$ cat start.cif   # mmCIF, C-alpha atoms
data_final
loop_
_atom_site.label_atom_id
_atom_site.label_comp_id
_atom_site.auth_asym_id
_atom_site.auth_seq_id
_atom_site.Cartn_x
_atom_site.Cartn_y
_atom_site.Cartn_z
CA MET A 9 -147.46 -244.17 151.69
CA SER A 10 -148.86 -245.89 148.66
CA GLY A 11 -148.29 -242.99 146.29
CA ARG A 12 -151.60 -243.69 144.58
CA ASP A 13 -152.95 -240.83 142.55
CA ILE A 14 -156.29 -239.36 143.51
CA ASP A 15 -158.62 -238.16 140.77
CA PHE A 16 -160.25 -234.92 141.84
CA TRP A 17 -163.38 -234.62 139.71
CA PHE A 18 -165.15 -231.29 139.88
CA THR A 19 -167.33 -228.82 138.09
CA THR A 20 -166.58 -225.13 138.35
CA GLY A 21 -170.23 -224.38 139.14
CA SER A 22 -170.26 -226.30 142.43
CA THR A 23 -170.37 -224.44 145.74
CA TYR A 24 -168.86 -227.02 148.10
CA THR A 25 -166.05 -227.51 145.59
CA TYR A 26 -164.77 -224.10 146.72
CA LEU A 27 -163.60 -225.70 149.95
CA SER A 28 -161.68 -228.46 148.17
CA VAL A 29 -160.16 -226.09 145.65
CA MET A 30 -158.80 -224.00 148.50
CA ARG A 31 -157.68 -226.95 150.65
CA LEU A 32 -156.14 -229.30 148.09
CA PRO A 33 -152.75 -227.72 147.41
CA GLU A 34 -151.80 -227.78 151.10
CA ILE A 35 -153.10 -231.33 151.53
CA ALA A 36 -151.14 -232.44 148.47
CA ARG A 37 -147.99 -230.88 149.93
CA ALA A 38 -148.53 -232.34 153.37
CA THR A 39 -149.30 -235.87 152.17
CA GLY A 40 -147.15 -236.11 149.06
CA LEU A 41 -150.20 -237.42 147.21
CA ASN A 42 -150.82 -236.40 143.62
CA PHE A 43 -154.29 -235.04 142.82
CA ARG A 44 -155.35 -235.03 139.18
CA TRP A 45 -157.75 -232.11 138.71
CA ARG A 46 -160.45 -233.22 136.26
CA PRO A 47 -163.18 -230.73 135.34
CA PHE A 48 -166.39 -232.20 133.96
CA ASN A 49 -169.84 -230.95 133.08
CA LEU A 50 -171.92 -232.07 136.03
CA ARG A 51 -174.94 -230.13 134.82
CA VAL A 52 -175.32 -232.65 132.01
CA LEU A 53 -175.54 -235.51 134.51
CA PHE A 54 -178.03 -233.56 136.64
CA ASP A 55 -180.20 -232.85 133.60
CA GLU A 56 -180.19 -236.52 132.59
CA VAL A 57 -181.93 -237.45 135.83
CA LYS A 58 -183.93 -234.20 136.06
CA TYR A 59 -182.21 -233.30 139.30
CA PHE A 60 -180.88 -230.12 140.79
CA PRO A 61 -179.43 -230.30 144.29
CA PHE A 62 -180.38 -226.87 145.59
CA PRO A 63 -183.68 -225.55 144.19
CA ALA A 64 -184.42 -221.86 144.75
CA GLY A 65 -186.18 -221.33 148.05
CA SER A 66 -185.58 -224.88 149.26
CA PRO A 67 -184.53 -225.72 152.83
CA LYS A 68 -181.56 -227.57 151.37
CA LEU A 69 -180.30 -224.41 149.64
CA ALA A 70 -180.56 -222.39 152.86
CA TYR A 71 -178.80 -225.19 154.71
CA MET A 72 -176.01 -225.38 152.15
CA TRP A 73 -175.00 -221.77 152.77
CA GLN A 74 -175.20 -222.22 156.54
CA ASP A 75 -173.08 -225.36 156.42
CA LEU A 76 -170.62 -223.90 153.93
CA GLU A 77 -170.13 -220.82 156.09
CA ARG A 78 -169.40 -222.92 159.17
CA ARG A 79 -166.97 -225.17 157.35
CA ALA A 80 -165.17 -222.33 155.56
CA SER A 81 -164.74 -220.73 158.97
CA LYS A 82 -163.46 -224.02 160.37
CA TYR A 83 -160.78 -224.17 157.70
CA GLY A 84 -159.96 -220.47 157.85
CA ILE A 85 -161.11 -219.95 154.26
CA PRO A 86 -162.56 -216.49 153.55
CA ALA A 87 -166.09 -216.53 152.15
CA LYS A 88 -168.69 -213.82 151.49
CA LEU A 89 -171.92 -215.82 151.52
CA PRO A 90 -174.27 -216.44 149.91
CA ALA A 91 -172.25 -216.23 146.72
CA PRO A 92 -174.11 -215.78 143.41
CA TYR A 93 -175.77 -219.12 142.67
CA PRO A 94 -176.52 -220.96 140.51
CA LEU A 95 -174.10 -219.75 137.87
CA ALA A 96 -175.60 -218.65 134.56
CA ASP A 97 -172.82 -220.40 132.68
CA SER A 98 -170.49 -222.94 134.19
CA LEU A 99 -169.79 -224.56 130.82
CA LEU A 100 -167.30 -221.96 129.63
CA SER A 101 -165.47 -221.96 132.95
CA ASN A 102 -165.18 -225.75 132.79
CA LEU A 103 -163.83 -225.53 129.25
CA VAL A 104 -161.30 -222.89 130.28
CA ALA A 105 -160.28 -225.03 133.25
CA LEU A 106 -159.73 -227.96 130.91
CA VAL A 107 -157.48 -225.87 128.66
CA GLY A 108 -155.61 -224.78 131.76
CA MET A 109 -155.09 -228.33 133.00
CA ARG A 110 -153.52 -229.18 129.62
CA GLU A 111 -151.31 -226.12 129.62
CA GLY A 112 -150.29 -226.20 133.26
CA TRP A 113 -152.07 -223.13 134.71
CA GLY A 114 -155.44 -224.80 135.32
CA ILE A 115 -155.23 -225.20 139.07
CA ASP A 116 -154.20 -221.59 139.54
CA TYR A 117 -157.04 -220.44 137.27
CA VAL A 118 -159.68 -222.47 139.09
CA ARG A 119 -158.52 -221.10 142.43
CA ALA A 120 -158.42 -217.55 141.09
CA SER A 121 -161.94 -217.77 139.65
CA TYR A 122 -163.32 -219.35 142.84
CA ARG A 123 -161.76 -216.61 144.96
CA ARG A 124 -163.43 -213.97 142.82
CA TRP A 125 -166.73 -215.83 143.05
CA PHE A 126 -166.71 -216.60 146.78
CA GLN A 127 -164.73 -213.67 148.14
CA LEU A 128 -165.71 -210.82 145.79
CA GLY A 129 -169.16 -211.97 144.68
CA LEU A 130 -168.21 -212.11 140.97
CA PRO A 131 -169.75 -215.17 139.29
CA SER A 132 -167.36 -217.66 137.78
CA GLY A 133 -167.45 -218.28 134.05
CA VAL A 134 -168.54 -214.79 133.00
CA GLU A 135 -166.91 -211.36 132.83
CA PRO A 136 -165.20 -209.79 134.62
CA ASN A 137 -164.25 -212.94 136.53
CA LEU A 138 -163.19 -214.84 133.43
CA SER A 139 -160.70 -212.37 131.97
CA GLU A 140 -159.41 -211.17 135.32
CA SER A 141 -158.75 -214.69 136.57
CA LEU A 142 -156.94 -215.55 133.33
CA LYS A 143 -154.89 -212.39 133.55
CA GLU A 144 -153.97 -213.24 137.14
CA VAL A 145 -152.51 -216.54 136.00
CA GLY A 146 -150.61 -214.94 133.14
CA GLN A 147 -152.91 -215.90 130.28
CA GLU A 148 -154.34 -213.79 127.47
CA ALA A 149 -158.12 -214.11 127.69
CA GLY A 150 -158.82 -213.84 123.95
CA ARG A 151 -156.56 -216.73 123.06
CA VAL A 152 -157.74 -218.96 125.88
CA ILE A 153 -161.46 -218.36 125.39
CA ALA A 154 -161.20 -219.03 121.66
CA LEU A 155 -159.36 -222.25 122.35
CA ALA A 156 -161.85 -223.20 125.09
CA LYS A 157 -164.69 -222.87 122.59
CA SER A 158 -162.96 -224.98 119.96
CA ASP A 159 -164.36 -228.32 118.89
CA GLU A 160 -161.35 -230.10 120.30
CA ILE A 161 -161.81 -228.78 123.81
CA ARG A 162 -165.59 -229.15 123.70
CA ARG A 163 -165.13 -232.77 122.70
CA ALA A 164 -162.59 -233.26 125.45
CA LEU A 165 -165.04 -231.99 128.08
CA VAL A 166 -167.76 -234.28 126.73
CA SER A 167 -165.28 -237.14 126.92
CA GLU A 168 -164.39 -236.34 130.53
CA THR A 169 -168.09 -236.04 131.38
CA ASP A 170 -168.67 -239.44 129.77
CA ARG A 171 -165.87 -240.81 131.90
CA ALA A 172 -167.43 -239.30 135.02
CA ARG A 173 -170.76 -240.91 134.12
CA SER A 174 -169.21 -244.32 133.52
CA THR A 175 -167.33 -243.98 136.81
CA ARG A 176 -170.81 -243.45 138.33
CA LEU A 177 -170.13 -240.00 139.69
CA PHE A 178 -173.11 -237.83 140.52
CA GLY A 179 -171.75 -234.79 142.36
CA SER A 180 -168.86 -232.39 142.86
CA PRO A 181 -166.34 -232.60 144.31
CA SER A 182 -165.71 -236.32 143.95
CA PHE A 183 -162.45 -238.05 144.73
CA VAL A 184 -161.65 -241.39 143.15
CA VAL A 185 -158.83 -243.57 144.35
CA ASP A 186 -158.32 -247.24 143.77
CA GLY A 187 -161.87 -247.66 142.41
CA GLN A 188 -163.42 -246.09 145.48
CA ILE A 189 -165.57 -242.97 145.15
CA PHE A 190 -165.58 -240.30 147.83
CA TRP A 191 -168.21 -237.62 147.31
CA GLY A 192 -168.03 -234.22 148.90
CA ASP A 193 -165.37 -231.98 150.38
CA ASP A 194 -166.22 -233.65 153.69
CA ARG A 195 -164.89 -236.94 152.29
CA LEU A 196 -161.50 -235.54 151.29
CA GLU A 197 -159.84 -236.88 154.42
CA ASP A 198 -161.45 -240.28 153.80
CA ALA A 199 -160.00 -240.32 150.27
CA VAL A 200 -156.56 -239.40 151.57
CA SER A 201 -156.77 -242.13 154.19
CA TRP A 202 -157.74 -244.66 151.53
CA ALA A 203 -154.85 -243.62 149.30
CA GLN A 204 -152.42 -243.94 152.18
CA HIS A 205 -153.73 -246.95 154.08
CA GLY A 206 -156.39 -248.65 151.95
CA ARG A 207 -159.03 -247.86 154.54
CA VAL A 208 -160.89 -244.97 156.11
CA SER A 209 -159.54 -244.20 159.54
CA MET B 15 -169.32 -226.65 178.31
CA SER B 16 -172.51 -224.83 177.47
CA GLY B 17 -174.82 -227.71 178.35
CA ARG B 18 -177.07 -226.90 175.41
CA ASP B 19 -179.41 -229.66 174.37
CA ILE B 20 -179.09 -231.06 170.87
CA ASP B 21 -182.22 -232.13 169.03
CA PHE B 22 -181.53 -235.35 167.17
CA TRP B 23 -184.18 -235.51 164.45
CA PHE B 24 -184.42 -238.80 162.61
CA THR B 25 -186.61 -241.16 160.70
CA THR B 26 -186.34 -244.89 161.33
CA GLY B 27 -186.21 -245.56 157.58
CA SER B 28 -182.92 -243.72 157.03
CA THR B 29 -179.73 -245.63 156.31
CA TYR B 30 -177.08 -243.16 157.44
CA THR B 31 -179.05 -242.69 160.65
CA TYR B 32 -177.81 -246.14 161.64
CA LEU B 33 -174.38 -244.66 162.27
CA SER B 34 -175.72 -241.92 164.52
CA VAL B 35 -178.01 -244.27 166.41
CA MET B 36 -175.03 -246.46 167.21
CA ARG B 37 -172.64 -243.59 168.01
CA LEU B 38 -174.83 -241.23 170.02
CA PRO B 39 -174.95 -242.88 173.43
CA GLU B 40 -171.17 -242.92 173.74
CA ILE B 41 -170.87 -239.34 172.46
CA ALA B 42 -173.51 -238.22 174.95
CA ARG B 43 -171.57 -239.90 177.76
CA ALA B 44 -168.23 -238.50 176.67
CA THR B 45 -169.44 -234.93 176.19
CA GLY B 46 -172.14 -234.68 178.85
CA LEU B 47 -174.46 -233.24 176.20
CA ASN B 48 -178.13 -234.17 176.18
CA PHE B 49 -179.55 -235.42 172.89
CA ARG B 50 -183.31 -235.30 172.45
CA TRP B 51 -184.27 -238.15 170.12
CA ARG B 52 -187.11 -236.92 167.91
CA PRO B 53 -188.55 -239.31 165.32
CA PHE B 54 -190.43 -237.72 162.43
CA ASN B 55 -191.92 -238.86 159.16
CA LEU B 56 -189.34 -237.75 156.62
CA ARG B 57 -191.11 -239.59 153.81
CA VAL B 58 -193.89 -236.99 153.98
CA LEU B 59 -191.38 -234.19 153.40
CA PHE B 60 -189.77 -236.11 150.53
CA ASP B 61 -193.16 -236.70 148.91
CA GLU B 62 -194.05 -233.02 149.16
CA VAL B 63 -191.12 -232.12 146.92
CA LYS B 64 -191.33 -235.31 144.84
CA TYR B 65 -187.87 -236.34 145.94
CA PHE B 66 -186.25 -239.57 146.94
CA PRO B 67 -182.55 -239.53 147.76
CA PHE B 68 -181.53 -242.95 146.52
CA PRO B 69 -183.51 -244.15 143.48
CA ALA B 70 -183.18 -247.82 142.58
CA GLY B 71 -180.23 -248.39 140.26
CA SER B 72 -178.86 -244.88 140.71
CA PRO B 73 -175.15 -244.15 141.16
CA LYS B 74 -176.03 -242.36 144.37
CA LEU B 75 -177.60 -245.50 145.84
CA ALA B 76 -174.53 -247.59 144.98
CA TYR B 77 -172.32 -244.87 146.47
CA MET B 78 -174.36 -244.69 149.66
CA TRP B 79 -173.67 -248.35 150.45
CA GLN B 80 -169.98 -248.00 149.64
CA ASP B 81 -169.64 -244.91 151.80
CA LEU B 82 -171.72 -246.38 154.62
CA GLU B 83 -169.58 -249.49 154.66
CA ARG B 84 -166.37 -247.50 154.89
CA ARG B 85 -167.69 -245.27 157.65
CA ALA B 86 -169.22 -248.10 159.67
CA SER B 87 -165.82 -249.80 159.48
CA LYS B 88 -164.12 -246.58 160.56
CA TYR B 89 -166.31 -246.44 163.66
CA GLY B 90 -166.12 -250.16 164.36
CA ILE B 91 -169.86 -250.57 163.85
CA PRO B 92 -170.89 -253.98 162.47
CA ALA B 93 -172.87 -253.81 159.23
CA LYS B 94 -174.06 -256.42 156.73
CA LEU B 95 -174.54 -254.36 153.58
CA PRO B 96 -176.50 -253.63 151.55
CA ALA B 97 -179.31 -253.83 154.09
CA PRO B 98 -182.90 -254.15 152.82
CA TYR B 99 -183.83 -250.75 151.38
CA PRO B 100 -186.03 -248.85 151.06
CA LEU B 101 -188.26 -250.05 153.88
CA ALA B 102 -191.79 -251.04 152.95
CA ASP B 103 -193.13 -249.32 156.07
CA SER B 104 -191.18 -246.88 158.15
CA LEU B 105 -194.33 -245.20 159.46
CA LEU B 106 -195.13 -247.83 162.07
CA SER B 107 -191.57 -247.94 163.30
CA ASN B 108 -191.55 -244.16 163.68
CA LEU B 109 -194.83 -244.35 165.63
CA VAL B 110 -193.43 -247.07 167.89
CA ALA B 111 -190.28 -245.03 168.41
CA LEU B 112 -192.40 -242.07 169.43
CA VAL B 113 -194.28 -244.16 171.99
CA GLY B 114 -190.93 -245.36 173.27
CA MET B 115 -189.53 -241.85 173.64
CA ARG B 116 -192.54 -240.97 175.79
CA GLU B 117 -192.26 -244.10 177.91
CA GLY B 118 -188.48 -244.13 178.27
CA TRP B 119 -187.47 -247.17 176.21
CA GLY B 120 -187.40 -245.44 172.83
CA ILE B 121 -183.66 -245.13 172.40
CA ASP B 122 -183.11 -248.77 173.24
CA TYR B 123 -185.87 -249.80 170.82
CA VAL B 124 -184.49 -247.74 167.95
CA ARG B 125 -181.05 -249.20 168.49
CA ALA B 126 -182.42 -252.73 168.73
CA SER B 127 -184.44 -252.38 165.53
CA TYR B 128 -181.51 -250.84 163.65
CA ARG B 129 -179.23 -253.68 164.75
CA ARG B 130 -181.69 -256.24 163.40
CA TRP B 131 -181.99 -254.28 160.16
CA PHE B 132 -178.29 -253.62 159.55
CA GLN B 133 -176.69 -256.61 161.20
CA LEU B 134 -179.24 -259.37 160.60
CA GLY B 135 -180.92 -258.13 157.40
CA LEU B 136 -184.37 -257.90 158.99
CA PRO B 137 -186.21 -254.77 157.82
CA SER B 138 -187.21 -252.32 160.49
CA GLY B 139 -190.90 -251.61 161.07
CA VAL B 140 -192.22 -255.04 160.10
CA GLU B 141 -192.20 -258.49 161.65
CA PRO B 142 -190.19 -260.17 163.00
CA ASN B 143 -188.06 -257.09 163.68
CA LEU B 144 -190.87 -255.15 165.29
CA SER B 145 -191.95 -257.65 167.95
CA GLU B 146 -188.46 -258.96 168.62
CA SER B 147 -187.02 -255.48 169.13
CA LEU B 148 -189.87 -254.58 171.47
CA LYS B 149 -189.38 -257.79 173.41
CA GLU B 150 -185.67 -257.07 173.70
CA VAL B 151 -186.45 -253.78 175.41
CA GLY B 152 -188.99 -255.35 177.74
CA GLN B 153 -192.17 -254.28 175.99
CA GLU B 154 -195.24 -256.27 175.03
CA ALA B 155 -195.67 -255.88 171.27
CA GLY B 156 -199.49 -256.03 171.22
CA ARG B 157 -199.89 -253.18 173.66
CA VAL B 158 -197.26 -250.98 172.07
CA ILE B 159 -198.39 -251.48 168.49
CA ALA B 160 -202.01 -250.73 169.39
CA LEU B 161 -200.92 -247.56 171.15
CA ALA B 162 -198.62 -246.62 168.25
CA LYS B 163 -201.58 -246.81 165.88
CA SER B 164 -203.82 -244.70 168.10
CA ASP B 165 -205.02 -241.31 166.95
CA GLU B 166 -203.07 -239.63 169.71
CA ILE B 167 -199.72 -241.03 168.62
CA ARG B 168 -200.47 -240.56 164.93
CA ARG B 169 -201.27 -236.93 165.64
CA ALA B 170 -198.12 -236.57 167.68
CA LEU B 171 -195.99 -237.83 164.78
CA VAL B 172 -197.73 -235.44 162.38
CA SER B 173 -197.03 -232.65 164.85
CA GLU B 174 -193.36 -233.55 165.08
CA THR B 175 -193.16 -233.78 161.29
CA ASP B 176 -194.76 -230.33 161.07
CA ARG B 177 -192.13 -229.09 163.49
CA ALA B 178 -189.38 -230.64 161.39
CA ARG B 179 -190.79 -228.92 158.29
CA SER B 180 -191.02 -225.52 160.00
CA THR B 181 -187.46 -226.00 161.27
CA ARG B 182 -186.57 -226.46 157.57
CA LEU B 183 -185.21 -229.97 157.94
CA PHE B 184 -184.96 -232.08 154.80
CA GLY B 185 -183.02 -235.19 155.75
CA SER B 186 -182.09 -237.67 158.46
CA PRO B 187 -180.22 -237.56 160.70
CA SER B 188 -180.36 -233.85 161.46
CA PHE B 189 -178.98 -232.24 164.58
CA VAL B 190 -180.31 -228.87 165.71
CA VAL B 191 -178.58 -226.80 168.34
CA ASP B 192 -178.97 -223.12 169.03
CA GLY B 193 -180.91 -222.58 165.78
CA GLN B 194 -178.19 -224.20 163.68
CA ILE B 195 -178.98 -227.24 161.55
CA PHE B 196 -176.41 -229.99 161.02
CA TRP B 197 -177.44 -232.57 158.45
CA GLY B 198 -175.93 -236.02 158.27
CA ASP B 199 -174.08 -238.35 160.59
CA ASP B 200 -170.93 -236.74 159.23
CA ARG B 201 -171.99 -233.45 160.85
CA LEU B 202 -172.44 -234.91 164.33
CA GLU B 203 -169.03 -233.68 165.45
CA ASP B 204 -169.83 -230.23 164.04
CA ALA B 205 -173.05 -230.15 166.09
CA VAL B 206 -171.21 -231.20 169.23
CA SER B 207 -168.58 -228.53 168.63
CA TRP B 208 -171.31 -225.91 168.18
CA ALA B 209 -173.02 -226.98 171.39
CA GLN B 210 -169.76 -226.80 173.30
CA HIS B 211 -168.03 -223.80 171.75
CA GLY B 212 -170.55 -221.97 169.55
CA ARG B 213 -168.49 -222.74 166.47
CA VAL B 214 -167.34 -225.63 164.30
CA SER B 215 -163.74 -226.49 165.03
#
$ encode --input "start.cif" --output "structure tokens"
Amino acid sequence: MSGRDIDFWFTTGSTYTYLSVMRLPEIARATGLNFRWRPFNLRVLFDEVKYFPFPAGSPKLAYMWQDLERRASKYGIPAKLPAPYPLADSLLSNLVALVGMREGWGIDYVRASYRRWFQLGLPSGVEPNLSESLKEVGQEAGRVIALAKSDEIRRALVSETDRARSTRLFGSPSFVVDGQIFWGDDRLEDAVSWAQHGRVS
Amino acid sequence: MSGRDIDFWFTTGSTYTYLSVMRLPEIARATGLNFRWRPFNLRVLFDEVKYFPFPAGSPKLAYMWQDLERRASKYGIPAKLPAPYPLADSLLSNLVALVGMREGWGIDYVRASYRRWFQLGLPSGVEPNLSESLKEVGQEAGRVIALAKSDEIRRALVSETDRARSTRLFGSPSFVVDGQIFWGDDRLEDAVSWAQHGRVS
């Protein structure tokens, strides 16, 4: 094992990211690899190229739910689909996630908010999901939300989004190891293989 | 084994389709499943929604080559990348493929033209790839190309493209089994699992 870290870049508004968020802790345990959870504002990158992956009514949107349902079932991950999408506000949830990553409860928060979104149908990033997910991970919502909206945290998310852009990311989830980009939950095993063996096997 | 047929929808201008074209015959042998190779004109569907998956200079285009290289290597499929892309003319190659599917040499032609494109750097659908690939599969280029350009074959490709649209396809390769769509070479195993077991495992 190389022990290389894997950057796990994600936005809290992404649907397929639900699978990775649910799978990663067990994969980290099983492989001994360290995943650095890095929220960024993917919507900014989409807007820059006037792109949205799943337009309302599009075949691709219908397919995404079908595919997500099959793959959640494959992994034994509960999912009540379609979940509310797109989110009205993924910015705040990304900011909160960033605070959480700094303070050590970020992974638990992201998982808690995704469970509410994909299992209970409560959109991430707005109430009641926001406060309930924070409470679940032992945080006081008022304090965290105020901090999340501070200039410091806003600037930090912009900085991470800049880093994602310069890394040439364009979707979520993305895994980066050793300069190689792996896009999509379906490339998670490829990223692990690269970290362990320097190739996809 | 259910013995369900799998529709393999593809356009000859697609890059990731190279992997499926090279992998399918062995998978068909190993599983006993029957794949129906169905060329269609994906470019028409892209144009209808003003979409192109890999714009010149985009991060997604750079990623596609990186990912394709890793996955070709994983499968032991030779590839000289990046291959010429996008193709100047994938229409004629799709028409020729359709003639070939009717006459029984279509699969061999598609594989031959993809090998020239991805292993020798000779774009599919134009000379010398076109005539050389037809010769390789025992066909006289003049006859086939004239037939491919006939109204009957043009109409047949439009009809197949209409069918792809009404099936709500949006990319290549796509596998359809039992009403379920599986998009991408990386979903081939999911499609096989569905055909065999009625679920993705």
$ closest_residue --input "start.cif" --among "B:Leu109, B:Ala70, B:Ile41, B:Val124" --to "Ala160 (chain B)" --atoms "only C-alpha atoms"
B:Leu109
$ atom_distance --input "start.cif" --atom1 "CA of Ala36 (chain A)" --atom2 "CA of Leu76 (chain A)"
22.0 Å
$ closest_residue --input "start.cif" --among "B:Ala102, B:Ile20, B:Ala93, B:Ala86" --to "chain A" --atoms "all atoms listed in the file"
B:Ala86
$ interface_residues --input "start.cif" --of "chain A" --to "chain B" --cutoff "12 Å" --atoms "all atoms listed in the file" --output "number ranges by chain"
A: 53-54, 56-63, 65-84, 172-179, 182, 184, 187-195, 197-199, 201-202, 206-209
$ atom_distance --input "start.cif" --atom1 "CA of Asp19 (chain B)" --atom2 "CA of Glu166 (chain B)"
26.1 Å
$ resolve_selection --input "start.cif" --expression "the PyMOL selection byres ((chain B and resi 125-140) around 7)" --output "PDB file with C-alpha atoms, in the coordinates of the input"
ATOM      1  CA  TYR B  32    -177.810-246.140 161.640  1.00  0.00           C
ATOM      2  CA  VAL B  35    -178.010-244.270 166.410  1.00  0.00           C
ATOM      3  CA  MET B  36    -175.030-246.460 167.210  1.00  0.00           C
ATOM      4  CA  PRO B  92    -170.890-253.980 162.470  1.00  0.00           C
ATOM      5  CA  ALA B  93    -172.870-253.810 159.230  1.00  0.00           C
ATOM      6  CA  LYS B  94    -174.060-256.420 156.730  1.00  0.00           C
ATOM      7  CA  ALA B  97    -179.310-253.830 154.090  1.00  0.00           C
ATOM      8  CA  PRO B  98    -182.900-254.150 152.820  1.00  0.00           C
ATOM      9  CA  LEU B 101    -188.260-250.050 153.880  1.00  0.00           C
ATOM     10  CA  ASP B 103    -193.130-249.320 156.070  1.00  0.00           C
ATOM     11  CA  SER B 104    -191.180-246.880 158.150  1.00  0.00           C
ATOM     12  CA  LEU B 106    -195.130-247.830 162.070  1.00  0.00           C
ATOM     13  CA  SER B 107    -191.570-247.940 163.300  1.00  0.00           C
ATOM     14  CA  ILE B 121    -183.660-245.130 172.400  1.00  0.00           C
ATOM     15  CA  ASP B 122    -183.110-248.770 173.240  1.00  0.00           C
ATOM     16  CA  TYR B 123    -185.870-249.800 170.820  1.00  0.00           C
ATOM     17  CA  VAL B 124    -184.490-247.740 167.950  1.00  0.00           C
ATOM     18  CA  GLU B 141    -192.200-258.490 161.650  1.00  0.00           C
ATOM     19  CA  PRO B 142    -190.190-260.170 163.000  1.00  0.00           C
ATOM     20  CA  ASN B 143    -188.060-257.090 163.680  1.00  0.00           C
ATOM     21  CA  LEU B 144    -190.870-255.150 165.290  1.00  0.00           C
ATOM     22  CA  SER B 147    -187.020-255.480 169.130  1.00  0.00           C
TER      23      SER B 147
END
$ residues_around --input "start.cif" --residues "Trp45 (chain A)" --least-positions-apart "5" --cutoff "10 Å" --atoms "only C-alpha atoms" --output "PyMOL selection string"
chain A and resi 14-18+29+32+105-106+109+114-115+118+183
$ write_last_selection --input "start.cif" --atoms "C-alpha atoms" --output "mmCIF file, in the frame of the given file"
data_model
loop_
_atom_site.group_PDB
_atom_site.id
_atom_site.type_symbol
_atom_site.label_atom_id
_atom_site.label_comp_id
_atom_site.auth_asym_id
_atom_site.auth_seq_id
_atom_site.Cartn_x
_atom_site.Cartn_y
_atom_site.Cartn_z
ATOM 1 C CA ILE A 14 -156.290 -239.360 143.510
ATOM 2 C CA ASP A 15 -158.620 -238.160 140.770
ATOM 3 C CA PHE A 16 -160.250 -234.920 141.840
ATOM 4 C CA TRP A 17 -163.380 -234.620 139.710
ATOM 5 C CA PHE A 18 -165.150 -231.290 139.880
ATOM 6 C CA VAL A 29 -160.160 -226.090 145.650
ATOM 7 C CA LEU A 32 -156.140 -229.300 148.090
ATOM 8 C CA ALA A 105 -160.280 -225.030 133.250
ATOM 9 C CA LEU A 106 -159.730 -227.960 130.910
ATOM 10 C CA MET A 109 -155.090 -228.330 133.000
ATOM 11 C CA GLY A 114 -155.440 -224.800 135.320
ATOM 12 C CA ILE A 115 -155.230 -225.200 139.070
ATOM 13 C CA VAL A 118 -159.680 -222.470 139.090
ATOM 14 C CA PHE A 183 -162.450 -238.050 144.730
#
$ atom_distance --input "start.cif" --atom1 "CA of Glu117 (chain B)" --atom2 "CA of Glu154 (chain B)"
12.9 Å
$ closest_residue --input "start.cif" --among "B:Leu202, B:Thr29, B:Thr45, B:Gly152" --to "Leu95 (chain B)" --atoms "all atoms listed in the file"
B:Thr29
$ residues_near_point --input "start.cif" --point "(-192.8, -237.4, 167.0)" --cutoff "10 Å" --atoms "all atoms listed in the file" --output "VMD selection string"
chain B and resid 23 to 25 51 to 55 108 to 113 115 to 116 167 to 178
$ axis_aligned_box --input "start.cif" --around "region 58-61 of chain B" --padding-each-side "5 Å" --output "AutoDock Vina command-line options"
--center_x -191.8 --center_y -235.6 --center_z 151.4 --size_x 14.1 --size_y 12.8 --size_z 15.1
$ build_atoms --input "start.cif" --residues "region 95-104 of chain A" --atoms "N, CA and C atoms" --output "PDB file, in the frame of the given file"
ATOM      1  N   LEU A  95    -174.772-220.505 138.916  1.00  0.00           N
ATOM      2  CA  LEU A  95    -174.100-219.750 137.870  1.00  0.00           C
ATOM      3  C   LEU A  95    -174.921-219.799 136.576  1.00  0.00           C
ATOM      4  N   ALA A  96    -174.897-218.677 135.855  1.00  0.00           N
ATOM      5  CA  ALA A  96    -175.600-218.650 134.560  1.00  0.00           C
ATOM      6  C   ALA A  96    -174.891-219.569 133.560  1.00  0.00           C
ATOM      7  N   ASP A  97    -173.575-219.630 133.658  1.00  0.00           N
ATOM      8  CA  ASP A  97    -172.820-220.400 132.680  1.00  0.00           C
ATOM      9  C   ASP A  97    -171.575-221.016 133.313  1.00  0.00           C
ATOM     10  N   SER A  98    -171.676-222.270 133.673  1.00  0.00           N
ATOM     11  CA  SER A  98    -170.490-222.940 134.190  1.00  0.00           C
ATOM     12  C   SER A  98    -169.772-223.700 133.074  1.00  0.00           C
ATOM     13  N   LEU A  99    -170.409-223.812 131.919  1.00  0.00           N
ATOM     14  CA  LEU A  99    -169.790-224.560 130.820  1.00  0.00           C
ATOM     15  C   LEU A  99    -168.474-223.919 130.377  1.00  0.00           C
ATOM     16  N   LEU A 100    -168.507-222.624 130.133  1.00  0.00           N
ATOM     17  CA  LEU A 100    -167.300-221.960 129.630  1.00  0.00           C
ATOM     18  C   LEU A 100    -166.160-222.057 130.652  1.00  0.00           C
ATOM     19  N   SER A 101    -166.512-221.892 131.925  1.00  0.00           N
ATOM     20  CA  SER A 101    -165.470-221.960 132.950  1.00  0.00           C
ATOM     21  C   SER A 101    -164.874-223.376 133.028  1.00  0.00           C
ATOM     22  N   ASN A 102    -165.703-224.382 132.827  1.00  0.00           N
ATOM     23  CA  ASN A 102    -165.180-225.750 132.790  1.00  0.00           C
ATOM     24  C   ASN A 102    -164.263-225.964 131.591  1.00  0.00           C
ATOM     25  N   LEU A 103    -164.661-225.401 130.456  1.00  0.00           N
ATOM     26  CA  LEU A 103    -163.830-225.530 129.250  1.00  0.00           C
ATOM     27  C   LEU A 103    -162.488-224.830 129.446  1.00  0.00           C
ATOM     28  N   VAL A 104    -162.532-223.628 130.022  1.00  0.00           N
ATOM     29  CA  VAL A 104    -161.300-222.890 130.280  1.00  0.00           C
ATOM     30  C   VAL A 104    -160.412-223.675 131.259  1.00  0.00           C
TER      31      VAL A 104
END
